[in-house]
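Engineer: Structure file protein15.csv, CSV, C-alpha atoms, is pasted below:
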```
chain,number,residue,atom,x,y,z
A,1,SER,CA,4.8,38.9,24.8
A,2,THR,CA,4.5,39.8,21.1
A,3,PRO,CA,4.9,37.3,18.2
A,4,ILE,CA,8.3,36.5,16.7
A,5,ARG,CA,8.2,38.2,13.3
A,6,ILE,CA,10.0,36.9,10.2
A,7,ARG,CA,9.7,39.4,7.4
A,8,GLU,CA,12.9,39.0,5.3
A,9,ASN,CA,14.0,36.2,2.9
A,10,ASN,CA,16.3,33.3,3.7
A,11,ILE,CA,15.7,33.2,7.5
A,12,THR,CA,16.1,30.1,9.6
A,13,LEU,CA,14.7,29.8,13.1
A,14,ARG,CA,16.0,26.6,14.6
A,15,GLY,CA,15.9,25.2,18.1
A,16,GLN,CA,17.4,22.1,19.7
A,17,GLY,CA,14.3,19.9,19.4
A,18,ILE,CA,10.8,19.5,20.7
A,19,GLY,CA,10.8,20.2,24.5
A,20,ALA,CA,14.4,21.2,24.5
A,21,THR,CA,13.8,24.7,23.1
A,22,ARG,CA,10.5,26.4,24.0
A,23,ILE,CA,8.8,29.5,22.8
A,24,HIS,CA,6.3,30.3,25.6
A,25,VAL,CA,3.6,32.8,24.8
A,26,THR,CA,2.7,34.8,27.9
A,27,ASN,CA,-0.1,37.1,26.7
A,28,GLU,CA,-3.6,36.0,25.8
A,29,ASP,CA,-4.7,36.5,22.2
A,30,THR,CA,-1.2,36.5,20.9
A,31,ASP,CA,0.3,34.5,18.0
A,32,GLY,CA,3.5,32.6,18.4
A,33,ILE,CA,5.3,33.3,15.1
A,34,VAL,CA,4.2,35.5,12.2
A,35,VAL,CA,5.9,35.2,8.8
A,36,GLY,CA,5.5,37.7,6.0
A,37,ARG,CA,5.9,41.3,5.1
A,38,TRP,CA,2.5,42.4,6.2
A,39,ASP,CA,1.7,43.6,9.7
A,40,ASP,CA,-1.7,42.0,9.8
A,41,PHE,CA,-1.5,38.7,8.0
A,42,ARG,CA,-5.2,37.9,8.5
A,43,GLN,CA,-6.3,41.2,7.0
A,44,ARG,CA,-3.9,40.8,4.0
A,45,GLY,CA,-5.3,37.3,3.4
A,46,SER,CA,-8.8,38.6,3.5
A,47,ASP,CA,-8.0,41.5,1.1
A,48,ILE,CA,-6.6,39.0,-1.4
A,49,TYR,CA,-9.5,36.6,-1.0
A,50,TYR,CA,-12.2,39.3,-1.5
A,51,ASP,CA,-10.4,41.0,-4.5
A,52,PRO,CA,-10.8,38.3,-7.2
A,53,TYR,CA,-10.5,40.9,-10.0
A,54,HIS,CA,-6.8,41.4,-9.3
A,55,TRP,CA,-5.9,38.0,-7.8
A,56,MET,CA,-7.7,35.2,-9.6
A,57,PRO,CA,-6.7,32.9,-11.1
A,58,TRP,CA,-4.2,32.5,-8.3
A,59,SER,CA,-2.3,30.0,-10.4
A,60,VAL,CA,-1.3,32.8,-12.8
A,61,THR,CA,-1.3,35.8,-10.4
A,62,TYR,CA,0.9,34.4,-7.6
A,63,PRO,CA,4.0,33.5,-9.6
A,64,GLN,CA,3.6,36.7,-11.6
A,65,ASP,CA,3.3,38.8,-8.5
A,66,HIS,CA,6.1,37.0,-6.8
A,67,GLU,CA,8.4,37.9,-9.8
A,68,GLU,CA,7.2,41.5,-10.3
A,69,HIS,CA,6.6,42.4,-6.6
A,70,PRO,CA,9.1,40.5,-4.5
A,71,GLU,CA,8.6,43.1,-1.8
A,72,HIS,CA,5.2,41.5,-1.2
A,73,TRP,CA,6.6,38.0,-0.5
A,74,THR,CA,8.8,36.3,2.1
A,75,ASP,CA,10.9,33.5,0.6
A,76,ASN,CA,12.8,30.5,1.9
A,77,THR,CA,11.8,30.4,5.5
A,78,ILE,CA,12.9,27.5,7.7
A,79,ILE,CA,11.2,27.0,11.1
A,80,GLU,CA,12.2,23.8,13.0
A,81,ASP,CA,13.0,21.9,16.2
A,82,PHE,CA,11.2,23.6,19.1
A,83,THR,CA,7.9,23.8,21.1
A,84,ILE,CA,5.5,26.7,21.0
A,85,ASP,CA,3.1,26.7,24.0
A,86,GLY,CA,1.2,29.1,26.3
A,87,LEU,CA,-1.2,30.0,23.5
A,88,SER,CA,-4.5,31.1,25.1
A,89,THR,CA,-7.6,33.2,24.6
A,90,PRO,CA,-10.5,34.2,26.7
A,91,ASP,CA,-12.8,34.9,23.7
A,92,GLY,CA,-13.1,34.2,20.0
A,93,PHE,CA,-9.8,35.8,18.8
A,94,PRO,CA,-8.3,33.1,16.5
A,95,TYR,CA,-4.6,33.0,17.6
A,96,ALA,CA,-2.2,31.0,15.5
A,97,GLY,CA,0.9,29.2,16.6
A,98,ILE,CA,2.5,29.9,13.3
A,99,GLY,CA,0.7,32.3,10.8
A,100,GLY,CA,1.6,34.1,7.7
A,101,VAL,CA,0.6,35.4,4.3
A,102,GLN,CA,2.3,35.6,0.8
A,103,LEU,CA,5.0,33.0,1.6
A,104,TRP,CA,7.2,31.3,-1.0
A,105,ASN,CA,8.9,28.0,0.0
A,106,THR,CA,8.2,27.8,3.7
A,107,TYR,CA,9.5,24.7,5.6
A,108,ILE,CA,8.2,23.9,9.1
A,109,SER,CA,9.7,20.8,10.6
A,110,GLY,CA,9.9,19.2,14.0
A,111,VAL,CA,7.8,21.8,15.7
A,112,GLU,CA,5.3,21.0,18.5
A,113,ILE,CA,2.5,23.6,18.9
A,114,VAL,CA,0.2,23.3,22.0
A,115,GLY,CA,-3.0,25.3,22.1
A,116,ASP,CA,-5.7,25.7,24.8
A,117,SER,CA,-8.5,24.0,22.8
A,118,CYS,CA,-10.0,27.3,21.7
A,119,ILE,CA,-12.4,26.2,18.9
A,120,TYR,CA,-11.5,29.3,16.9
A,121,SER,CA,-7.7,28.8,16.9
A,122,THR,CA,-5.5,27.4,14.2
A,123,LEU,CA,-2.1,26.1,15.2
A,124,ILE,CA,-0.6,26.6,11.7
A,125,CYS,CA,-2.5,29.1,9.5
A,126,LEU,CA,-0.9,30.0,6.1
A,127,SER,CA,-2.5,32.2,3.4
A,128,ALA,CA,-1.3,32.6,-0.1
A,129,ALA,CA,1.5,30.2,0.6
A,130,VAL,CA,3.3,28.6,-2.4
A,131,PHE,CA,5.5,25.5,-1.8
A,132,PRO,CA,4.8,25.2,2.0
A,133,THR,CA,5.9,22.1,3.8
A,134,VAL,CA,4.8,20.9,7.3
A,135,LYS,CA,6.8,17.8,8.3
A,136,ASP,CA,7.3,15.8,11.5
A,137,CYS,CA,5.3,18.3,13.5
A,138,GLU,CA,3.0,17.7,16.5
A,139,LEU,CA,-0.1,19.9,16.5
A,140,LYS,CA,-2.1,19.6,19.7
A,141,TYR,CA,-5.3,21.1,21.3
A,142,GLY,CA,-6.2,23.6,18.6
A,143,GLY,CA,-9.4,24.3,16.9
A,144,ARG,CA,-7.7,23.4,13.6
A,145,GLY,CA,-4.3,21.8,13.5
A,146,ALA,CA,-3.2,23.2,10.1
A,147,PHE,CA,-5.1,25.4,7.6
A,148,PHE,CA,-3.9,26.4,4.1
A,149,VAL,CA,-6.2,29.0,2.5
A,150,VAL,CA,-6.4,31.8,-0.1
A,151,GLY,CA,-5.0,29.9,-3.0
A,152,SER,CA,-2.1,28.3,-1.3
A,153,GLY,CA,-0.6,25.5,-3.4
A,154,SER,CA,2.0,22.8,-3.9
A,155,ILE,CA,1.4,22.0,-0.2
A,156,LYS,CA,3.2,19.1,1.6
A,157,VAL,CA,2.0,17.8,4.9
A,158,ILE,CA,4.0,14.8,5.9
A,159,ASN,CA,4.5,12.5,8.9
A,160,SER,CA,2.8,14.8,11.4
A,161,LEU,CA,0.7,14.2,14.5
A,162,PHE,CA,-2.7,16.0,14.8
A,163,TYR,CA,-3.9,15.4,18.4
A,164,HIS,CA,-7.2,16.6,19.9
A,165,ASN,CA,-7.9,19.4,17.5
A,166,ASN,CA,-11.5,19.9,18.4
A,167,GLU,CA,-13.4,21.9,15.8
A,168,TYR,CA,-13.9,21.8,12.1
A,169,ASP,CA,-11.1,19.7,10.7
A,170,ALA,CA,-7.6,18.8,12.0
A,171,LEU,CA,-6.1,19.5,8.5
A,172,GLU,CA,-7.8,21.6,5.8
A,173,LEU,CA,-6.6,22.5,2.3
A,174,ASN,CA,-9.0,25.3,1.4
A,175,GLY,CA,-9.5,28.1,-1.1
A,176,GLY,CA,-8.9,27.1,-4.8
A,177,LEU,CA,-5.3,25.9,-4.6
A,178,CYS,CA,-3.1,27.9,-6.9
A,179,CYS,CA,-0.8,25.0,-7.9
A,180,GLY,CA,-0.8,21.2,-8.2
A,181,ASP,CA,1.3,18.5,-6.7
A,182,ASN,CA,-0.3,18.7,-3.2
A,183,LEU,CA,0.5,15.8,-0.9
A,184,VAL,CA,-0.9,14.7,2.5
A,185,LYS,CA,1.0,11.6,3.5
A,186,GLY,CA,1.8,9.5,6.6
A,187,ASN,CA,0.1,11.7,9.2
A,188,HIS,CA,-1.6,10.4,12.3
A,189,LEU,CA,-4.9,12.2,13.3
A,190,ILE,CA,-6.3,11.1,16.6
A,191,TYR,CA,-9.1,12.4,18.9
A,192,GLY,CA,-11.2,15.5,18.5
A,193,SER,CA,-12.1,16.4,14.9
A,194,ALA,CA,-9.4,14.1,13.5
A,195,ALA,CA,-10.4,14.9,9.9
A,196,ILE,CA,-8.8,15.8,6.6
A,197,LYS,CA,-10.8,18.2,4.4
A,198,ILE,CA,-9.9,18.9,0.8
A,199,TYR,CA,-12.0,21.9,-0.2
A,200,THR,CA,-12.0,23.7,-3.6
A,201,ALA,CA,-8.7,22.0,-4.4
A,202,HIS,CA,-7.2,20.1,-7.3
A,203,ASP,CA,-4.3,17.7,-7.9
A,204,VAL,CA,-4.2,16.3,-4.3
A,205,LEU,CA,-2.9,12.9,-3.1
A,206,VAL,CA,-4.0,11.9,0.3
A,207,THR,CA,-2.2,8.7,1.2
A,208,GLU,CA,-0.9,6.5,4.1
A,209,ASN,CA,-2.6,8.5,6.8
A,210,LEU,CA,-4.1,7.0,10.0
A,211,LEU,CA,-7.3,8.6,11.3
A,212,GLU,CA,-8.8,7.2,14.5
A,213,GLN,CA,-11.0,7.9,17.5
A,214,GLY,CA,-12.3,11.1,15.8
A,215,ASN,CA,-15.7,12.6,16.7
A,216,GLY,CA,-16.0,15.5,14.3
A,217,PHE,CA,-19.2,16.3,12.5
A,218,GLY,CA,-17.8,16.2,9.0
A,219,GLY,CA,-16.5,12.7,8.6
A,220,GLY,CA,-13.0,11.4,8.2
A,221,ILE,CA,-11.5,12.3,4.8
A,222,GLN,CA,-13.8,14.9,3.1
A,223,ILE,CA,-13.6,15.9,-0.6
A,224,THR,CA,-15.7,19.0,-1.5
A,225,ILE,CA,-15.8,21.0,-4.7
A,226,SER,CA,-12.5,19.4,-5.7
A,227,SER,CA,-11.1,17.5,-8.7
A,228,ASP,CA,-8.2,15.3,-9.5
A,229,VAL,CA,-8.1,14.0,-6.0
A,230,VAL,CA,-6.7,10.5,-5.1
A,231,VAL,CA,-7.4,9.0,-1.7
A,232,SER,CA,-5.3,5.8,-1.2
A,233,LYS,CA,-3.9,3.5,1.4
A,234,ASN,CA,-5.4,5.3,4.4
A,235,ILE,CA,-6.8,3.7,7.5
A,236,ILE,CA,-9.9,5.2,9.2
A,237,ARG,CA,-11.0,3.3,12.3
A,238,ASN,CA,-13.2,3.7,15.3
A,239,TRP,CA,-14.6,7.0,14.1
A,240,GLN,CA,-17.6,8.4,16.1
A,241,SER,CA,-19.9,11.0,14.7
A,242,GLY,CA,-23.6,11.9,14.9
A,243,TYR,CA,-23.9,13.9,11.7
A,244,ASN,CA,-24.5,11.4,8.9
A,245,PRO,CA,-21.0,11.6,7.3
A,246,GLY,CA,-18.8,8.8,6.1
A,247,GLY,CA,-15.4,7.6,6.9
A,248,ILE,CA,-14.6,8.9,3.4
A,249,ARG,CA,-17.0,11.5,2.1
A,250,VAL,CA,-17.5,13.0,-1.3
A,251,GLU,CA,-19.7,16.0,-0.5
A,252,TRP,CA,-21.8,18.5,-2.3
A,253,GLY,CA,-20.5,21.3,-4.4
A,254,ILE,CA,-19.8,20.0,-7.8
A,255,ALA,CA,-19.5,23.1,-10.0
A,256,GLY,CA,-19.6,22.4,-13.7
A,257,GLY,CA,-17.2,20.5,-15.9
A,258,ASP,CA,-15.6,17.1,-15.2
A,259,ARG,CA,-14.6,16.1,-11.7
A,260,ASN,CA,-12.2,13.2,-11.2
A,261,ILE,CA,-12.0,11.4,-7.9
A,262,THR,CA,-10.2,8.1,-7.1
A,263,ILE,CA,-10.7,6.2,-3.8
A,264,THR,CA,-8.5,3.1,-3.7
A,265,ASN,CA,-6.9,0.7,-1.3
A,266,ASN,CA,-8.3,2.2,1.9
A,267,LEU,CA,-9.4,0.5,5.1
A,268,VAL,CA,-12.6,2.0,6.6
A,269,TYR,CA,-13.7,0.6,9.9
A,270,THR,CA,-15.7,3.4,11.5
A,271,ARG,CA,-18.1,1.5,13.8
A,272,ASN,CA,-20.1,4.4,15.2
A,273,THR,CA,-20.4,6.6,12.1
A,274,ASN,CA,-23.0,6.2,9.5
A,275,HIS,CA,-21.5,5.1,6.2
A,276,GLY,CA,-18.1,3.8,5.3
A,277,ILE,CA,-17.9,5.8,2.0
A,278,PHE,CA,-20.6,8.4,1.6
A,279,LEU,CA,-21.3,10.2,-1.7
A,280,HIS,CA,-23.7,13.1,-1.3
A,281,LEU,CA,-23.7,15.4,-4.3
A,282,TYR,CA,-25.0,18.8,-5.1
A,283,ASN,CA,-24.3,20.9,-8.2
A,284,TYR,CA,-23.7,24.7,-7.6
A,285,ASP,CA,-24.0,25.5,-11.3
A,286,LYS,CA,-27.6,24.8,-12.1
A,287,ASP,CA,-27.2,25.8,-15.7
A,288,ALA,CA,-24.3,23.4,-16.5
A,289,LEU,CA,-24.1,19.6,-16.5
A,290,THR,CA,-21.5,18.3,-14.3
A,291,THR,CA,-19.8,14.9,-14.7
A,292,LEU,CA,-18.3,13.1,-11.7
A,293,ASN,CA,-15.8,10.4,-12.8
A,294,LEU,CA,-15.5,8.3,-9.8
A,295,ILE,CA,-13.2,5.3,-9.3
A,296,LEU,CA,-13.8,3.1,-6.1
A,297,THR,CA,-11.4,0.1,-6.2
A,298,SER,CA,-9.8,-2.3,-3.8
A,299,ASN,CA,-11.2,-0.7,-0.6
A,300,THR,CA,-12.0,-2.7,2.5
A,301,ILE,CA,-15.1,-1.4,4.3
A,302,VAL,CA,-16.1,-3.3,7.4
A,303,GLY,CA,-18.4,-2.8,10.4
A,304,ASN,CA,-19.9,0.6,9.8
A,305,GLN,CA,-23.1,1.6,11.5
A,306,LYS,CA,-25.0,2.1,8.3
A,307,SER,CA,-24.1,1.3,4.7
A,308,GLY,CA,-20.7,0.3,3.5
A,309,ILE,CA,-21.0,2.4,0.4
A,310,PHE,CA,-23.9,4.9,0.1
A,311,PHE,CA,-23.6,6.1,-3.4
A,312,GLY,CA,-25.4,8.3,-5.8
A,313,ILE,CA,-28.0,11.0,-5.6
A,314,SER,CA,-29.2,12.2,-2.2
A,315,LYS,CA,-32.3,10.2,-1.1
A,316,ASP,CA,-33.7,12.9,1.2
A,317,THR,CA,-35.9,14.0,-1.7
A,318,SER,CA,-37.3,12.1,-4.6
A,319,LEU,CA,-34.9,10.9,-7.2
A,320,ALA,CA,-36.5,13.1,-9.8
A,321,ASP,CA,-36.4,16.2,-7.6
A,322,ALA,CA,-32.8,15.6,-6.5
A,323,THR,CA,-31.5,15.1,-10.0
A,324,ILE,CA,-33.3,18.0,-11.5
A,325,GLN,CA,-31.8,20.2,-8.8
A,326,ASN,CA,-28.4,18.8,-9.2
A,327,HIS,CA,-28.0,18.3,-12.9
A,328,ILE,CA,-25.3,15.7,-12.4
A,329,ARG,CA,-24.0,12.8,-14.4
A,330,ILE,CA,-22.0,10.2,-12.5
A,331,ASN,CA,-19.7,7.8,-14.3
A,332,SER,CA,-18.4,5.2,-11.8
A,333,THR,CA,-16.1,2.2,-11.7
A,334,ILE,CA,-16.6,0.1,-8.5
A,335,ARG,CA,-14.4,-2.9,-8.5
A,336,ASN,CA,-12.6,-5.3,-6.2
A,337,ASN,CA,-13.9,-3.9,-2.9
A,338,ILE,CA,-14.6,-5.9,0.2
A,339,VAL,CA,-17.8,-4.7,1.9
A,340,VAL,CA,-18.7,-6.8,4.9
A,341,ASN,CA,-20.6,-6.7,8.2
A,342,ASN,CA,-22.1,-3.2,7.8
A,343,GLY,CA,-25.3,-2.3,9.7
A,344,GLU,CA,-27.4,-1.5,6.6
A,345,ALA,CA,-26.6,-2.2,3.0
A,346,GLY,CA,-23.3,-3.2,1.6
A,347,MET,CA,-23.9,-0.9,-1.4
A,348,ASN,CA,-26.8,1.4,-1.3
A,349,SER,CA,-28.1,3.3,-4.4
A,350,ALA,CA,-25.1,2.7,-6.6
A,351,GLN,CA,-27.0,3.9,-9.7
A,352,ASN,CA,-26.5,6.5,-12.3
A,353,ILE,CA,-30.0,7.8,-13.1
A,354,VAL,CA,-30.3,11.4,-14.3
A,355,VAL,CA,-33.6,13.1,-14.7
A,356,ASP,CA,-33.4,16.3,-16.7
A,357,GLU,CA,-35.7,19.4,-16.4
A,358,ASN,CA,-38.2,17.7,-18.7
A,359,GLY,CA,-38.5,14.6,-16.6
A,360,VAL,CA,-36.6,12.5,-19.1
A,361,LYS,CA,-34.6,9.7,-17.4
A,362,THR,CA,-31.2,8.6,-18.7
A,363,VAL,CA,-28.8,6.0,-17.2
A,364,THR,CA,-25.1,6.9,-17.5
A,365,GLY,CA,-22.2,4.6,-17.7
A,366,GLN,CA,-21.4,2.4,-14.7
A,367,ASP,CA,-19.1,-0.5,-14.0
A,368,ILE,CA,-19.8,-2.5,-10.8
A,369,GLU,CA,-18.0,-5.9,-10.8
A,370,TYR,CA,-15.7,-8.3,-8.9
A,371,ASN,CA,-16.7,-6.9,-5.4
A,372,ASP,CA,-16.9,-9.2,-2.4
A,373,VAL,CA,-20.0,-8.0,-0.6
A,374,TRP,CA,-21.5,-10.2,2.1
A,375,ASN,CA,-23.1,-10.4,5.6
A,376,ASN,CA,-24.5,-6.8,5.5
A,377,THR,CA,-27.5,-6.5,7.8
A,378,GLY,CA,-29.7,-4.5,5.3
A,379,GLY,CA,-28.8,-6.6,2.3
A,380,ASN,CA,-25.7,-6.6,0.1
A,381,TYR,CA,-26.9,-4.6,-2.8
A,382,VAL,CA,-29.9,-2.2,-2.3
A,383,ASP,CA,-31.2,0.0,-5.2
A,384,CYS,CA,-28.2,-0.8,-7.3
A,385,ASP,CA,-28.0,-1.1,-11.1
```
Now, as a test, write the supplied structure out as structure tokens.
Structural biologist:
Amino acid sequence: STPIRIRENNITLRGQGIGATRIHVTNEDTDGIVVGRWDDFRQRGSDIYYDPYHWMPWSVTYPQDHEEHPEHWTDNTIIEDFTIDGLSTPDGFPYAGIGGVQLWNTYISGVEIVGDSCIYSTLICLSAAVFPTVKDCELKYGGRGAFFVVGSGSIKVINSLFYHNNEYDALELNGGLCCGDNLVKGNHLIYGSAAIKIYTAHDVLVTENLLEQGNGFGGGIQITISSDVVVSKNIIRNWQSGYNPGGIRVEWGIAGGDRNITITNNLVYTRNTNHGIFLHLYNYDKDALTTLNLILTSNTIVGNQKSGIFFGISKDTSLADATIQNHIRINSTIRNNIVVNNGEAGMNSAQNIVVDENGVKTVTGQDIEYNDVWNNTGGNYVDCD
């Protein structure tokens, strides 16, 4: 078999429902559906990504190119109500259930995609996609469930099931999103690497998702090199991982300027992972001071193997060495959190000490108050201001 190809605008591909209509892929190393004008959507995505002179900033270039070169884009595609199965590979070829590049307003709803657990596969892989929506889908047994890359933006992933996607992250927004108003809401991620990764992104709301029984190496909800991200009303439970992450993880890669991250009203009960909320920061831009404005409010963090909140500069090196390397200022508000029954500290290293290249220490603004922190094995507040 060969992939179903959708090249033209205003195409609807609609079945009669999951299980009732089936697209069965019979050849190994074959995609299910490919959307876009380009014969090789992977190569086109790579060409855009590695040509920043012409394409960045994507937030300007994509709308301009869509208007001036509509022949590059496929608009207003609807794909809904069927099952794609039979996807398989004997090697590392990264098949996609649905793949495409340079897409404008793509709507994928009520689609089940079943892979063969190939770690290199991605069940939905969209590059340079503006206004894509994935809603009420079931993405099972892939490497990744859904992957938005190469400046995609205004992404909506809503009420979908990510089941046993076993490598990297079940859902990833990656690649300097071109546009704001990105939403990840109401999804259920279970087994495998049941993780959400927000990477080089901005203006993202991650809310009302359930993550459980995951065993990925990266943690539950991961925020990396991103700004204006709100993580709220999520439940992360029974997470199992051996690589020092957190149920919610703000990771390395702050790169100059102000970064704003809000984590509020989440329940984190990860049991076998290390930290409930883990902040581990590294500044790419060694010549520029970065300020992380962090709000941690009204979270419930219970029963994690290590600390409830591990906050601040990495403690793998001395405080002076770490801060000189990172050149970071952290302004935090930590209020109204319940942090109980964690295996080490309730809050560990919630401090804002910066050591500049001359060894001068400064303490930046911080607000820790009205938290309910008790019965944590290693102490309730350890190395906190």
Engineer: With distances taken over all atoms listed in the file, which of A:Val149, A:Val268, A:Leu123, A:Val340 is nearest to Cys137 (chain A)?
Structural biologist: A:Leu123
Engineer: Given the point (4.3, 41.8, 25.7) in the file's coordinates, find the residues that have an atom at most 9 Å from it, counting all atoms listed in the file, and give them as a PDB file with C-alpha atoms, in the frame of the given file.
Structural biologist:
```pdb
ATOM      1  CA  SER A   1       4.800  38.900  24.800  1.00  0.00           C
ATOM      2  CA  THR A   2       4.500  39.800  21.100  1.00  0.00           C
ATOM      3  CA  PRO A   3       4.900  37.300  18.200  1.00  0.00           C
ATOM      4  CA  THR A  26       2.700  34.800  27.900  1.00  0.00           C
ATOM      5  CA  ASN A  27      -0.100  37.100  26.700  1.00  0.00           C
TER       6      ASN A  27
END
```
Engineer: Nearest to Pro63 (chain A): which of A:His280, A:Asn380, A:Leu103, A:Tyr168 is it, counting only C-alpha atoms?
Structural biologist: A:Leu103
Engineer: Tell me which of A:Asp39, A:Asp258, A:Glu208, A:Glu28 sits closest to Ile225 (chain A), counting all atoms listed in the file.
Structural biologist: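 Checking each of A:Asp39, A:Asp258, A:Glu208, A:Glu28 against Ile225 (chain A), counting all atoms listed in the file, the winner is A:Asp258.
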Engineer: Skip Gly186 (chain A) itself and residues of its chain fewer than 5 positions away, then list as a ChimeraX atom specification all residues within 8 Å of it, counting all atoms listed in the file.
Structural biologist: /A:158-160,207-210
Engineer: Just the number, please: distance in Å from CA of Arg7 (chain A) to CA of Tyr141 (chain A), one decimal.
Structural biologist: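 So the answer is 27.4 Å.
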Engineer: Hey, which of A:Val101, A:Cys178, A:Ile277, A:Ile261 ends up closest to Tyr62 (chain A)? Count all atoms listed in the file.
Structural biologist: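 Selected residue with least distance to Tyr62 (chain A): A:Cys178.
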Engineer: Between A:Gly308, A:Gly219, A:Gly276, A:Gly110, which is the closest to Leu13 (chain A) once you count all atoms listed in the file?
Structural biologist: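 Residue with the minimum atom-to-atom distance to Leu13 (chain A): A:Gly110.
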Engineer: Measuring between all atoms listed in the file, which one of A:Leu205, A:Ile33, A:Val114, A:Ala129 shows the shortest distance to Phe162 (chain A)?
Structural biologist: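 Among the listed residues, the smallest separation from Phe162 (chain A) belongs to A:Val114.
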Engineer: Name the residues in contact with Gly214 (chain A) at a cut-off of 7 Å, using all atoms listed in the file, excluding same-chain residues fewer than 6 positions from it; report them as a ChimeraX atom specification.
Structural biologist: /A:190-194,239-240
Engineer: Between CA of Gln64 (chain A) and CA of Val134 (chain A), what is the distance in Å, rounded to a tenth?
Structural biologist: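 Straight-line distance from CA of Gln64 (chain A) to CA of Val134 (chain A) works out to 24.7 Å.
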Engineer: Work out how far apart CA of Gly153 (chain A) and CA of Ile4 (chain A) are and give it in Å to one decimal.
Structural biologist: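 Atom-to-atom, CA of Gly153 (chain A) and CA of Ile4 (chain A) are spaced 24.6 Å apart.
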Engineer: So which residues touch Asn341 (chain A) within 7 Å, counting only C-alpha atoms, skipping near sequence neighbours fewer than 2 positions away, as a list in words?
Structural biologist: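 Within the cut-off, the hits are Val302, Gly303, Gly343, Asn375, Asn376 and Thr377 of chain A.
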Engineer: Step by step: start from the point (-7.2, 31.6, 14.4) in the file's coordinates, keep every protein, DNA or RNA residue that has an atom no farther than 6 Å from it, count all atoms listed in the file, and write the set as number ranges by chain.
Structural biologist: A: 94-96, 120-122
